[in-house]
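Pasting query01.txt here (compact mmCIF, C-alpha atoms):
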# COMPACT_ATOMS: atom_id res chain seq x y z
CA MET H 1 158.02 150.24 91.22
CA THR H 2 158.61 147.41 93.69
CA PRO H 3 157.13 144.00 92.94
CA ASP H 4 154.63 144.38 95.78
CA GLU H 5 153.03 147.36 94.04
CA ARG H 6 152.40 145.45 90.84
CA THR H 7 149.18 143.66 90.11
CA ASP H 8 148.90 139.91 90.37
CA SER H 9 148.66 139.79 86.62
CA GLU H 10 151.91 141.67 86.19
CA LEU H 11 153.67 139.52 88.74
CA TRP H 12 152.36 136.34 87.19
CA ASP H 13 153.55 137.44 83.76
CA LEU H 14 157.00 137.85 85.26
CA ALA H 15 156.84 134.34 86.70
CA VAL H 16 155.79 132.84 83.37
CA ASP H 17 158.66 134.70 81.74
CA GLY H 18 161.04 132.97 84.12
CA VAL H 19 161.53 135.79 86.62
CA PRO H 20 161.34 134.09 90.04
CA GLU H 21 161.01 137.37 91.96
CA GLY H 22 157.54 137.84 90.53
CA PHE H 23 156.44 134.55 91.97
CA GLY H 24 158.13 135.34 95.27
CA ALA H 25 156.08 138.51 95.54
CA LEU H 26 152.90 136.54 94.84
CA PHE H 27 153.88 134.13 97.59
CA GLU H 28 154.31 136.93 100.10
CA ARG H 29 151.00 138.46 99.06
CA HIS H 30 148.86 135.32 99.25
CA ALA H 31 150.64 132.88 101.57
CA ARG H 32 148.69 133.95 104.65
CA SER H 33 145.36 133.41 102.96
CA ILE H 34 146.36 129.99 101.65
CA TYR H 35 147.86 129.06 105.02
CA ASN H 36 144.64 129.81 106.88
CA HIS H 37 142.50 128.12 104.23
CA CYS H 38 144.59 124.97 104.54
CA PHE H 39 144.36 125.10 108.32
CA ARG H 40 140.59 125.29 108.20
CA ARG H 41 140.53 122.15 106.05
CA THR H 42 143.04 120.15 108.11
CA ALA H 43 142.85 121.50 111.67
CA SER H 44 146.64 121.36 111.74
CA TRP H 45 148.83 124.43 111.60
CA ALA H 46 151.84 122.25 110.78
CA ASP H 47 150.10 120.59 107.84
CA ALA H 48 148.78 123.97 106.74
CA GLU H 49 152.31 125.34 106.64
CA GLU H 50 153.57 122.50 104.49
CA LEU H 51 150.48 122.59 102.30
CA THR H 52 151.02 126.29 101.72
CA SER H 53 154.42 125.51 100.30
CA ALA H 54 152.97 122.64 98.29
CA VAL H 55 150.30 124.93 96.84
CA PHE H 56 152.84 127.44 95.61
CA LEU H 57 155.13 124.73 94.33
CA GLU H 58 152.25 123.27 92.33
CA ALA H 59 151.23 126.75 91.22
CA TRP H 60 154.74 127.33 89.93
CA ARG H 61 154.62 124.10 87.98
CA ARG H 62 151.29 125.11 86.50
CA ARG H 63 152.11 128.79 86.14
CA ARG H 64 151.21 128.78 82.44
CA ASP H 65 147.71 127.52 83.25
CA VAL H 66 146.75 130.24 85.70
CA GLN H 67 143.32 131.83 85.45
CA LEU H 68 143.30 135.17 87.24
CA ILE H 69 139.88 136.32 88.33
CA ASP H 70 139.37 140.07 88.57
CA ASP H 71 143.15 140.35 88.31
CA SER H 72 143.63 138.33 91.48
CA ALA H 73 145.57 135.08 91.74
CA ARG H 74 144.01 134.25 95.08
CA PRO H 75 140.98 132.33 93.76
CA TRP H 76 143.14 130.22 91.48
CA LEU H 77 145.60 129.54 94.29
CA LEU H 78 142.72 128.48 96.51
CA GLY H 79 141.66 126.18 93.69
CA VAL H 80 145.10 124.62 93.64
CA ALA H 81 144.86 124.23 97.41
CA ASN H 82 141.44 122.70 97.02
CA ASN H 83 142.82 120.03 94.71
CA LEU H 84 145.74 119.25 96.99
CA LEU H 85 143.50 119.11 100.04
CA ARG H 86 141.44 116.33 98.51
CA ASN H 87 144.20 114.04 99.65
CA HIS H 88 146.50 116.22 101.62
CA ARG H 89 148.56 113.42 103.11
CA ARG H 90 149.69 112.27 99.69
CA SER H 91 150.16 115.86 98.60
CA LEU H 92 152.53 116.46 101.45
CA GLY H 93 154.43 113.28 100.66
CA ARG H 94 154.87 114.39 97.08
CA TYR H 95 155.94 117.86 98.13
CA ARG H 96 158.47 116.58 100.64
CA ALA H 97 159.95 114.28 98.03
CA ALA H 98 160.20 117.14 95.56
CA LEU H 99 162.09 119.28 98.03
CA ALA H 100 164.28 116.43 99.22
CA ARG H 101 166.84 117.27 96.56
CA LEU H 102 167.42 120.66 98.11
CA PRO H 103 169.28 121.43 101.34
CA SER H 104 166.85 121.87 104.19
CA PRO H 105 166.78 125.24 105.91
CA ALA H 106 167.63 125.36 109.56
CA ALA H 107 164.65 124.93 111.86
CA GLN H 108 163.26 128.25 113.01
CA PRO H 109 162.79 128.38 116.77
CA ASP H 110 159.72 130.36 117.60
CA PRO H 111 159.63 131.21 121.30
CA THR H 112 157.25 134.11 120.77
CA ASP H 113 154.59 132.16 118.99
CA ASP H 114 151.32 131.54 120.76
CA VAL H 115 151.71 127.80 121.04
CA ALA H 116 148.82 127.37 123.45
CA GLY H 117 146.58 129.44 121.24
CA ARG H 118 147.46 127.40 118.19
CA LEU H 119 146.73 124.18 120.07
CA ALA H 120 143.37 125.57 121.06
CA ASP H 121 142.72 126.52 117.44
CA GLU H 122 143.46 122.99 116.33
CA ALA H 123 141.17 121.47 118.92
CA ARG H 124 138.36 123.81 117.97
CA MET H 125 138.84 123.32 114.26
CA SER H 126 138.92 119.55 114.71
CA ARG H 127 135.51 119.69 116.35
CA ILE H 128 134.19 121.79 113.48
CA LEU H 129 135.61 119.43 110.88
CA ASP H 130 134.11 116.45 112.67
CA LEU H 131 130.81 118.03 111.77
CA VAL H 132 131.70 119.35 108.34
CA ASP H 133 133.24 116.03 107.30
CA ARG H 134 129.76 114.57 107.37
CA LEU H 135 128.84 116.71 104.37
CA PRO H 136 129.54 115.63 100.79
CA ARG H 137 132.99 116.73 99.70
CA ARG H 138 131.62 119.16 97.11
CA HIS H 139 129.62 120.86 99.84
CA GLN H 140 132.62 121.02 102.14
CA GLU H 141 134.64 122.69 99.41
CA VAL H 142 132.05 125.36 98.72
CA LEU H 143 131.65 126.03 102.43
CA ALA H 144 135.40 126.43 102.90
CA LEU H 145 135.86 128.61 99.83
CA CYS H 146 132.84 130.87 100.20
CA ALA H 147 132.02 130.96 103.91
CA TRP H 148 135.48 130.62 105.40
CA SER H 149 137.84 132.03 102.78
CA GLU H 150 135.26 134.51 101.56
CA LEU H 151 135.48 133.91 97.83
CA ALA H 152 132.68 135.48 95.85
CA TYR H 153 130.25 133.07 94.24
CA HIS H 154 131.58 133.75 90.76
CA GLU H 155 135.15 133.19 91.97
CA ALA H 156 134.26 129.89 93.59
CA ALA H 157 132.36 128.88 90.46
CA THR H 158 135.45 129.43 88.35
CA VAL H 159 137.67 127.63 90.83
CA LEU H 160 135.41 124.61 90.96
CA GLY H 161 134.42 124.64 87.31
CA VAL H 162 130.70 124.74 88.03
CA PRO H 163 127.99 127.33 87.36
CA VAL H 164 127.41 130.10 89.89
CA GLY H 165 123.98 128.70 90.62
CA THR H 166 125.54 125.40 91.60
CA VAL H 167 127.80 127.16 94.08
CA ARG H 168 124.83 128.92 95.64
CA SER H 169 122.77 125.75 95.88
CA ARG H 170 125.63 123.71 97.30
CA LEU H 171 126.31 126.36 99.89
CA ALA H 172 122.69 126.56 100.88
CA ARG H 173 122.50 122.79 101.21
CA ALA H 174 125.71 122.69 103.22
CA ARG H 175 124.40 125.28 105.62
CA ALA H 176 121.06 123.59 105.97
CA ARG H 177 122.65 120.24 106.60
CA LEU H 178 125.02 121.72 109.16
CA ALA H 179 122.11 123.29 110.95
CA GLU H 180 120.43 119.91 111.08
CA LEU H 181 123.55 118.23 112.39
CA GLU H 182 123.82 120.83 115.11
CA GLY H 183 120.22 120.31 116.07
CA ASN H 184 119.05 123.62 114.71
CA PRO H 185 116.13 123.37 112.32
CA PRO H 186 116.86 124.84 108.88
CA ALA H 187 113.78 127.01 109.21
CA ARG H 188 115.81 129.32 111.43
CA MET H 189 117.82 130.41 108.43
CA ASP H 190 116.88 132.44 105.40
CA THR H 191 117.27 130.85 101.97
CA ASP H 192 120.98 131.53 101.89
CA GLY H 193 121.53 130.21 105.39
CA VAL H 194 122.77 133.59 106.56
CA GLU H 195 122.47 132.90 110.27
CA LEU H 196 124.69 129.86 110.16
CA ASP H 197 127.06 131.62 107.83
CA ARG H 198 127.52 134.45 110.30
CA ALA H 199 128.18 132.01 113.07
CA LEU H 200 130.69 130.06 111.04
CA ARG H 201 132.54 133.16 109.92
CA LYS H 202 132.53 134.88 113.26
CA VAL H 203 135.97 135.01 114.82
CA GLU H 204 136.62 133.73 118.24
CA GLU H 205 136.04 136.93 120.12
CA GLU H 206 136.26 135.51 123.57
CA ARG H 207 139.89 134.52 123.14
CA MET M 1 127.11 127.36 118.07
CA THR M 2 130.09 128.74 119.97
CA GLU M 3 131.70 125.35 119.60
CA HIS M 4 131.70 125.78 115.83
CA VAL M 5 133.16 129.22 115.48
CA VAL M 6 136.08 129.14 113.09
CA PRO M 7 139.33 130.24 114.75
CA GLN M 8 140.72 133.62 113.93
CA GLU M 9 143.21 133.79 111.09
CA ARG M 10 146.87 133.78 112.01
CA ASP M 11 150.14 134.69 110.40
CA LEU M 12 152.70 132.01 109.78
CA PRO M 13 154.93 131.54 112.82
CA ALA M 14 157.72 134.04 113.12
CA GLY M 15 160.39 133.51 110.50
CA ARG M 16 158.50 130.82 108.65
CA LEU M 17 157.17 133.05 105.89
CA SER M 18 160.69 133.93 104.85
CA GLY M 19 161.82 130.36 105.39
CA LEU M 20 159.13 128.93 103.19
CA LYS M 21 159.81 131.56 100.58
CA GLU M 22 163.49 130.62 100.59
CA ASP M 23 162.55 126.97 100.03
CA LEU M 24 160.21 127.89 97.23
CA MET M 25 162.66 130.19 95.51
CA ALA M 26 165.42 127.58 95.76
CA HIS M 27 163.13 125.06 94.11
CA ILE M 28 162.20 127.52 91.38
CA GLU M 29 165.83 128.33 90.70
CA HIS M 30 166.53 124.61 90.53
CA ASP M 31 163.65 124.16 88.08
CA LEU M 32 164.87 126.96 85.87
CA GLU M 33 168.40 125.60 85.85
CA THR M 34 167.26 122.16 84.79
CA GLU M 35 164.86 123.27 82.06
CA PRO M 36 166.37 122.38 78.69
CA ALA M 37 167.21 125.40 76.59
CA VAL M 38 166.68 123.69 73.25
CA VAL M 39 163.80 121.48 72.21
CA PRO M 40 165.12 118.28 70.66
CA ALA M 41 164.65 117.85 66.95
CA VAL M 42 161.71 115.86 65.68
CA THR M 43 162.46 112.36 64.62
CA HIS M 44 159.97 109.60 64.28
CA ARG M 45 162.36 107.28 66.04
CA ARG M 46 161.86 109.35 69.17
CA TRP M 47 158.12 109.18 68.79
CA ARG M 48 156.66 106.26 70.64
CA ARG M 49 152.99 106.99 70.11
CA ILE M 50 151.23 103.68 70.16
CA GLY M 51 147.54 104.41 70.24
CA LEU M 52 145.59 106.11 67.53
CA THR M 53 142.55 108.31 67.39
CA ALA M 54 139.31 106.58 66.55
CA ALA M 55 138.01 107.88 63.27
CA GLY M 56 135.29 110.47 63.49
CA LEU M 57 135.82 111.42 67.08
CA ALA M 58 135.88 115.10 67.93
CA ILE M 59 138.42 116.45 70.37
CA GLY M 60 139.19 119.83 71.81
CA PHE M 61 141.72 122.25 73.16
CA GLY M 62 141.60 123.80 76.54
CA LEU M 63 143.84 122.73 79.34
CA ALA M 64 147.39 121.61 79.79
CA THR M 65 149.10 120.73 82.97
CA SER M 66 151.86 118.53 84.21
CA PHE M 67 152.67 115.98 86.78
CA VAL M 68 155.54 113.75 87.77
CA ALA M 69 155.79 110.64 89.82
CA GLY M 70 158.03 107.69 90.25
CA GLY M 71 156.40 104.31 90.20
CA ASN M 72 157.38 100.88 91.34
CA ASP M 73 154.88 98.94 89.31
CA THR M 74 155.69 99.64 85.69
CA ALA M 75 154.86 96.04 84.84
CA GLY M 76 151.17 96.74 85.40
CA ALA M 77 148.81 98.03 82.77
CA ASN M 78 147.40 101.53 82.67
CA THR M 79 143.97 101.68 84.23
CA ALA M 80 140.83 103.79 84.29
CA GLU M 81 138.40 103.09 87.11
CA ARG M 82 135.16 104.80 88.05
CA THR M 83 134.83 105.81 91.68
CA ALA M 84 131.70 105.90 93.81
CA ASP M 85 131.20 109.61 93.19
CA GLY M 86 131.24 109.20 89.41
CA ALA M 87 134.79 110.36 88.81
CA ILE M 88 137.22 108.27 86.80
CA VAL M 89 140.73 107.72 88.11
CA ILE M 90 143.35 107.09 85.45
CA THR M 91 146.63 105.54 86.51
CA ILE M 92 149.65 105.54 84.22
CA ARG M 93 151.93 102.59 84.86
CA GLU M 94 153.55 102.10 81.48
CA GLY M 95 154.33 104.12 78.40
CA LYS M 96 152.65 101.79 75.95
CA ASN M 97 149.25 100.56 74.85
CA PRO M 98 147.39 103.89 74.92
CA GLU M 99 144.75 102.28 72.73
CA ASP M 100 143.79 100.10 75.70
CA LEU M 101 143.37 103.14 77.89
CA GLU M 102 141.38 104.88 75.18
CA ARG M 103 139.11 101.86 74.79
CA ARG M 104 138.60 101.67 78.52
CA LEU M 105 137.59 105.33 78.68
CA ASN M 106 135.20 104.84 75.79
CA ASP M 107 133.70 101.84 77.57
CA LEU M 108 133.14 104.07 80.58
CA GLY M 109 131.17 106.45 78.38
CA VAL M 110 133.89 109.06 77.91
CA PRO M 111 134.48 110.13 74.31
CA ALA M 112 138.24 110.36 74.55
CA VAL M 113 141.29 109.70 72.44
CA VAL M 114 144.63 108.89 73.99
CA ASP M 115 148.13 109.29 72.62
CA PHE M 116 151.49 108.61 74.23
CA LEU M 117 154.50 110.60 73.15
CA GLU M 118 157.99 111.25 74.38
CA SER M 119 159.22 114.26 76.24
CA GLY M 120 159.37 117.38 74.10
CA PHE M 121 156.64 116.40 71.68
CA GLY M 122 152.95 117.00 71.26
CA CYS M 123 150.43 116.30 68.53
CA ASP M 124 150.19 118.83 65.71
CA ARG M 125 147.13 121.02 66.33
CA ALA M 126 146.21 120.79 62.66
CA ARG M 127 144.67 117.40 63.25
CA SER M 128 141.40 119.08 64.21
CA THR M 129 139.60 122.22 63.08
CA GLY M 130 137.25 122.28 66.04
CA TRP M 131 139.35 122.95 69.11
CA VAL M 132 137.35 124.41 71.96
CA GLN M 133 139.09 127.60 72.97
CA ASP M 134 137.24 128.29 76.21
CA PRO M 135 139.13 127.22 79.32
CA ALA M 136 138.12 123.80 80.49
CA PRO M 137 136.52 123.53 83.93
CA GLU M 138 139.31 123.20 86.46
CA ALA M 139 137.97 119.92 87.77
CA LEU M 140 137.38 118.25 84.40
CA PHE M 141 140.78 116.63 84.34
CA THR M 142 143.30 117.03 87.12
CA SER M 143 146.48 115.37 88.17
CA ALA M 144 145.79 113.70 91.47
CA PRO M 145 148.18 114.43 94.32
CA THR M 146 150.61 111.56 94.27
CA SER M 147 153.77 110.76 96.12
CA LEU M 148 156.92 109.91 94.22
CA ASP M 149 156.62 106.26 95.07
CA GLU M 150 153.26 105.98 93.35
CA ASP M 151 152.39 105.79 89.68
CA PRO M 152 151.02 108.99 88.11
CA HIS M 153 147.27 109.17 88.28
CA TYR M 154 144.63 111.63 87.23
CA VAL M 155 141.01 112.35 88.02
CA LEU M 156 138.48 112.85 85.25
CA GLN M 157 135.03 114.25 86.02
CA PRO M 158 133.01 113.06 83.00
CA ASP M 159 129.95 115.09 83.96
CA LEU M 160 131.90 118.28 83.28
CA LEU M 161 132.53 117.35 79.64
CA PRO M 162 129.83 119.05 77.55
CA PRO M 163 127.86 116.87 75.13
CA GLY M 164 129.34 116.81 71.66
CA GLN M 165 132.88 117.32 72.88
CA THR M 166 135.59 114.72 73.02
CA MET M 167 138.71 114.83 75.09
CA ALA M 168 142.11 114.39 73.51
CA LEU M 169 144.62 113.26 76.07
CA GLU M 170 148.27 113.52 75.11
CA PHE M 171 150.65 112.02 77.62
CA GLN M 172 154.36 112.56 77.45
CA ILE M 173 155.83 109.61 79.30
CA ASP M 174 159.36 108.76 80.30
CA GLU M 175 160.50 105.58 82.00
CA HIS M 176 163.78 104.98 83.72
CA GLY M 177 164.22 101.64 85.41
CA ASP M 178 161.27 101.26 87.74
CA ASP M 179 160.48 104.96 87.61
CA ILE M 180 157.89 106.52 85.37
CA ALA M 181 157.12 110.19 84.85
CA ALA M 182 154.24 111.64 82.90
CA ASN M 183 153.04 114.98 81.65
CA TYR M 184 149.71 115.53 79.98
CA THR M 185 147.85 117.91 77.75
CA MET M 186 144.09 117.73 77.74
CA SER M 187 142.22 119.19 74.79
CA ARG M 188 138.61 119.25 73.64
CA SER M 189 137.10 119.55 70.19
CA THR M 190 133.76 119.50 68.47
CA ALA M 191 135.21 118.49 65.09
CA PRO M 192 136.74 115.28 63.79
CA VAL M 193 140.36 114.70 64.59
CA GLY M 194 143.05 113.22 62.44
CA ASP M 195 146.05 111.17 63.38
CA CYS M 196 148.61 112.58 65.75
CA ASP M 197 151.56 114.10 63.92
CA PRO M 198 154.23 114.69 66.58
CA VAL M 199 155.77 118.14 66.68
CA PRO M 200 158.16 119.70 69.21
CA ASN M 201 156.68 121.42 72.23
CA ASP M 202 157.94 122.61 75.59
CA SER M 203 156.98 119.53 77.58
CA ILE M 204 159.69 118.19 79.84
CA VAL M 205 159.51 114.70 81.26
CA ASP M 206 162.49 112.94 82.75
CA ALA M 207 161.89 110.00 85.06
CA GLU M 208 165.56 109.77 86.02
CA THR M 209 165.74 113.27 87.42
CA GLY M 210 162.09 113.45 88.45
CA VAL M 211 161.20 116.42 86.28
CA ALA M 212 157.96 116.96 84.43
CA GLY M 213 156.33 120.05 83.09
CA GLY M 214 155.43 121.98 80.03

What would you get if you wrote out this structure as structure tokens?
Amino acid sequence: MTPDERTDSELWDLAVDGVPEGFGALFERHARSIYNHCFRRTASWADAEELTSAVFLEAWRRRRDVQLIDDSARPWLLGVANNLLRNHRRSLGRYRAALARLPSPAAQPDPTDDVAGRLADEARMSRILDLVDRLPRRHQEVLALCAWSELAYHEAATVLGVPVGTVRSRLARARARLAELEGNPPARMDTDGVELDRALRKVEEER
Amino acid sequence: MTEHVVPQERDLPAGRLSGLKEDLMAHIEHDLETEPAVVPAVTHRRWRRIGLTAAGLAIGFGLATSFVAGGNDTAGANTAERTADGAIVITIREGKNPEDLERRLNDLGVPAVVDFLESGFGCDRARSTGWVQDPAPEALFTSAPTSLDEDPHYVLQPDLLPPGQTMALEFQIDEHGDDIAANYTMSRSTAPVGDCDPVPNDSIVDAETGVAGG
């Protein structure tokens, strides 16, 4: 059995037992999700990349505290990201200092990457965050976890340490407030704000 | 609404996934190499606990995590300050006078007891019969992201502490010159708690090398 075929729980047990390969497999499995979550909170692909590393570094340090949900480490990792994102500039500073003792890898030139597309992503996400930043932080977090990173309510509740009902109410309030900020009356949405949710989750099809 | 459509998810740039993994694995290997293989023997001379539990308080078990930072202001006192959103930010600047920090938390309405110990030691669990076994809410007590040139600080959300429970905060603290490193264990209990009897544990705090964990 290769590490990739094992469950998150099995891989995490390996990591706790001091087998780094288990944690490496978890990184490969969940890095993309964490990377995109961090981007949606920072509007910076560069910061998202560093934060992804910081999340896994912190997760390694706290590997004995992990709470897998439905045998998935992803919610807990998003929770770690959530904590780091509360002050991501300082988080990055701490992470850089922690890695400063190690030799830096050579920079990876990336001529094939869609640089223009990434710049457009950042501009678009910045505009979205200009709006979302006007919400209370707890509402921003629920929006990012549930609407953007598609955590289930019970997963987000565990991550945030609040009841499921609180997650639902915060999400509904976030959506209603966003609708107001955009000039759309909340009455256009159902009680869960489904219309706005669909719009926020819809990918950029025209690109 | 088109203006607020979230961009499509992307992979990490080519080669960066493996690059980041190499960084991470190198750090993990470094961590494993520097973890002490043997827990130092218990001696009361190594125990620097200064504060003491207030009689009759109940504390609990639930969450342990770790954090390290180097500080440049070890002359300052430890602080606990309430923020506008109701959270309490605790900053560790020195490895002494935990009773002051405990009193400050109590004044802020948080039933908490605070003990300072050295690396490799924790309080004997027998000091309470009422440890709360359920996992604590993730946000109840967290180490705040901090750069290495800042003192360690933590965020406590008092509203997440259920009535009737008291927090027991054990900090392992190490100071080296102007540097300070801290590791903590947060516990909760619904029963009275006795004095802290230090026993070996797997906490690792070394301000000189910048290592903390456990």

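Checking H:Trp12, H:Tyr153, H:Tyr35, H:Phe23 one by one against Val66 in chain H, counting only C-alpha atoms, you find the shortest gap at H:Trp12.
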
I'd like to know which of M:Leu161, M:Ala182, M:Met25, M:Ala207 is closest to Leu57 in chain H, using all atoms listed in the file.
M:Met25

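Take CA of Leu129 in chain H and CA of Leu68 in chain H: the distance between them is 29.4 Å.
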
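These residues, each with an atom at most 6 Å from (150.3, 115.3, 78.7) using only C-alpha atoms, are Glu170, Phe171, Gln172, Asn183, Tyr184 and Thr185 of chain M.
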
Write out the residues from the selection above, keeping C-alpha atoms, as a short mmCIF file (atom, residue, chain, number, x, y, z; two decimals), in the coordinates of the input.
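Saved file out_1.cif follows:
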data_model
loop_
_atom_site.label_atom_id
_atom_site.label_comp_id
_atom_site.auth_asym_id
_atom_site.auth_seq_id
_atom_site.Cartn_x
_atom_site.Cartn_y
_atom_site.Cartn_z
CA GLU M 170 148.27 113.52 75.11
CA PHE M 171 150.65 112.02 77.62
CA GLN M 172 154.36 112.56 77.45
CA ASN M 183 153.04 114.98 81.65
CA TYR M 184 149.71 115.53 79.98
CA THR M 185 147.85 117.91 77.75
#

Residue neighbourhood Gly86 in chain M, 12 Å, only C-alpha atoms, exclusion window fewer than 4 positions, as a ChimeraX atom specification:
/M:81-82,108-110,155-160
